[in-house]
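A.B. asks: The structure under discussion is supplied below as C-alpha cells; questions concerning it will follow.
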Amino acid sequence: MQIKTHLLIGLTSLVSINVVANEKKTIEPQQFLTFPSDRTASLVLECAESLWEHDEDKGVTKFTLTPEKNRKRCEFAIQGLLQRDVAFRLSFEFKVNELYDDPVNWHSYFQFHSFPDEGEQWRCPVSALESRGGTLRMFNRWDEQHISSTINGTCANDGNSIQARTLFSERTFNVGSWNEFTVEGVMSTNDEGHISVSLNDELLSEVVGPNTFNDDREPYFKLGIYKPTRWQRMIILHYRSEMWSLSKLC
C-alpha cells in the first residue's frame with residue numbers, strides 16, 4: 001500500500017533572497033517568504049524536486065512525502081534570518097483535511113533548528129510543531145554549554161547537558177479549515193530569552209529563560225514535513241501558510 005503525506009504552503013515576499021537548491025527545480029523567493037528588506041537569507045530545498053510543486057495562481061506550495069526507504073523529510077530550510085538575543089515573530093496558517101491519529105508515531109510541520117559546532121552531534125531540534133495522536137504538541141530544548149554533552153541520545157535524555165520543557169501538548173486544532181500559528185519572543189541561552197506560542201489567537205504557552213543552543217552559528221527554521229517515525233497507514237495531510245512573516249528584527 002502506498003502512503004503519502006501532503007503539505008501545502010503559500011507565502012508572499014517583498015524582497016529577494018538567495019536560493020540554494022540541491023535539485024534543478026526552484027521556487028522564486030517572492031513566491032514564498034516575507035521578511036524585512038534589511039535582512040538577507042538563504043532558502044535550502046531539502047526535498048526531492050518530484051515531491052514539491054508550486055501553484056502560482058493560488059500561491060500554494062505542495063509538499064508530498066512518500067514512505068520509501070530512508071525517506072523522512074520534504075522541507076525548506078530558511079537560514080540567515082533568526083538571531084539569538086534579537087526579538088522575532090513568525091506567523092503562518094496551516095490546514096489538514098483529515099487527522100493522522102496514530103498514538104505513537106509522530107511527524108512535524110515546522111522546526112526551529114541549530115547547526116552543531118565542531119565536535120558536536122546533530123541534536124534534536126530546538127523546537128518543532130509536531131502532530132501525534134491527532135493533536136499537536138511542541139517542546140523546547142536548550143543548552144547553555146558551548147559543546148553539548150550527548151552521551152545518551154541527542155535530545156534532553158538523562159546524562160546529557162541538553163534541557164527541555166513542554167510548551168504545549170494534546171492540543172486539538174481545526175480539520176478542514178485554516179489554523180493560524182504564531183511564535184514570537186527572543187531566542188537566547190540566558191535568562192533574557194522568552195517564547196510565546198499561540199494557535200488561532202489563543203495563547204498556548206509563554207515561558208521565560210534559556211531556549212536555544214549555544215552554537216557559533218545562528219539558529220534557523222524549516223517548513224515542511226519531517227517524519228522519522230514508522231509509517232503505519234495512509235496519510236493525506238494538507239498544509240498551507242497564507243503568509244510567513246518575520247518582524248521586529250533589527
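We label chains A, B, ... in the order they appear in the C-alpha cells, count residues from 1 in each chain, and number ligands from 1 in the order shown.
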Could you build a table of the residues in segment 201-230 of chain A lying no more than 10 Å from segment 161-175 of chain A, giving for each the nearest pair of atoms and their separation in Å rounded to one decimal place, using only C-alpha atoms, ordered by chain and ascending residue number, as a tab-separated table?

C.D. replies:
residue	atom	partner	partner_atom	distance
A:Leu204	CA	A:Phe168	CA	6.4
A:Ser205	CA	A:Leu167	CA	5.5
A:Glu206	CA	A:Leu167	CA	7.6
A:Val207	CA	A:Leu167	CA	7.9
A:Pro210	CA	A:Gln163	CA	9.4
A:Asn211	CA	A:Ala164	CA	8.4
A:Thr212	CA	A:Ile162	CA	9.6
A:Phe213	CA	A:Ile162	CA	8.3

A.B. asks: Using N, CA, C and O atoms, can you export the residues from the last selection as a tab-separated table (two decimals), in the first residue's frame?

C.D. replies:
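Generated file (part-v4.tsv):
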chain	number	residue	atom	x	y	z
A	204	LEU	N	-1.13	29.58	23.96
A	204	LEU	CA	-0.94	28.21	24.43
A	204	LEU	C	0.20	28.09	25.42
A	204	LEU	O	0.19	27.21	26.29
A	205	SER	N	1.20	28.94	25.27
A	205	SER	CA	2.38	28.82	26.14
A	205	SER	C	3.14	30.14	26.16
A	205	SER	O	3.20	30.85	25.15
A	206	GLU	N	3.69	30.45	27.31
A	206	GLU	CA	4.56	31.62	27.45
A	206	GLU	C	5.60	31.28	28.51
A	206	GLU	O	5.25	31.05	29.67
A	207	VAL	N	6.87	31.23	28.11
A	207	VAL	CA	7.93	30.82	29.02
A	207	VAL	C	9.08	31.83	28.95
A	207	VAL	O	9.29	32.48	27.92
A	210	PRO	N	16.38	30.49	29.22
A	210	PRO	CA	17.13	29.93	28.09
A	210	PRO	C	16.22	29.08	27.21
A	210	PRO	O	15.35	28.36	27.71
A	211	ASN	N	16.43	29.16	25.87
A	211	ASN	CA	15.53	28.43	24.98
A	211	ASN	C	16.18	27.96	23.68
A	211	ASN	O	15.48	27.55	22.76
A	212	THR	N	17.52	28.03	23.58
A	212	THR	CA	18.18	27.58	22.35
A	212	THR	C	19.57	27.05	22.69
A	212	THR	O	19.99	27.08	23.86
A	213	PHE	N	20.28	26.56	21.69
A	213	PHE	CA	21.61	26.01	21.90
A	213	PHE	C	22.68	27.10	21.78
A	213	PHE	O	22.50	28.09	21.06

A.B. asks: Just list the residues in segment 25-207 of chain A DSSP gives strand (DSSP E) on the backbone, as a PyMOL selection string.

C.D. replies: chain A and resi 42-46+52-55+60-65+73-79+87-94+107-113+127-132+135-142+163-171+179-186+194-199+202-207

A.B. asks: Set the distance at 10 Å and use only C-alpha atoms: which residues neighbour Ser188 of chain A once local chain neighbours fewer than 3 positions away are removed? I'd like the list as a VMD selection string.

C.D. replies: chain A and resid 83 to 87 142 to 144 185 191 to 195 208 to 214

A.B. asks: For atom CA of Tyr226 of chain A and atom CA of Gln111 of chain A, determine how far apart the two atoms are, in Å to one decimal place.

C.D. replies: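 Interatomic distance, atom CA of Tyr226 of chain A to atom CA of Gln111 of chain A: 9.0 Å.
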
A.B. asks: Give me, as a VMD selection string, all polymer residues having an atom no more than 9 Å from segment 218-223 of chain A, counting only C-alpha atoms and skipping those fewer than 6 positions away in the same chain.

C.D. replies: chain A and resid 9 74 to 84 109 to 115 126 187 212

A.B. asks: Considering only C-alpha atoms, state which residue in the set A:Asn160, A:Thr154, A:Asn105, A:Gln121 is at the smallest distance from Gly134 of chain A.

C.D. replies: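 Looking at the shortest contact to Gly134 of chain A, the residue is A:Asn105.
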
A.B. asks: Just checking: using only C-alpha atoms, which residue out of A:Cys47, A:Val197, A:Ile151, A:Ala128 ends up closest to Lys62 of chain A?

C.D. replies: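 Smallest distance to Lys62 of chain A is found for A:Cys47.
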
A.B. asks: Of the candidates A:Thr189, A:Thr135, A:Asn70, A:Asn179, which one gets nearest to Asp102 of chain A if we count only C-alpha atoms?

C.D. replies: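 Smallest separation from Asp102 of chain A among the options: A:Thr135.
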
A.B. asks: Report, in Å to a single decimal, how far apart atom CA of Glu180 of chain A and atom CA of Ser198 of chain A are.

C.D. replies: 8.0 Å
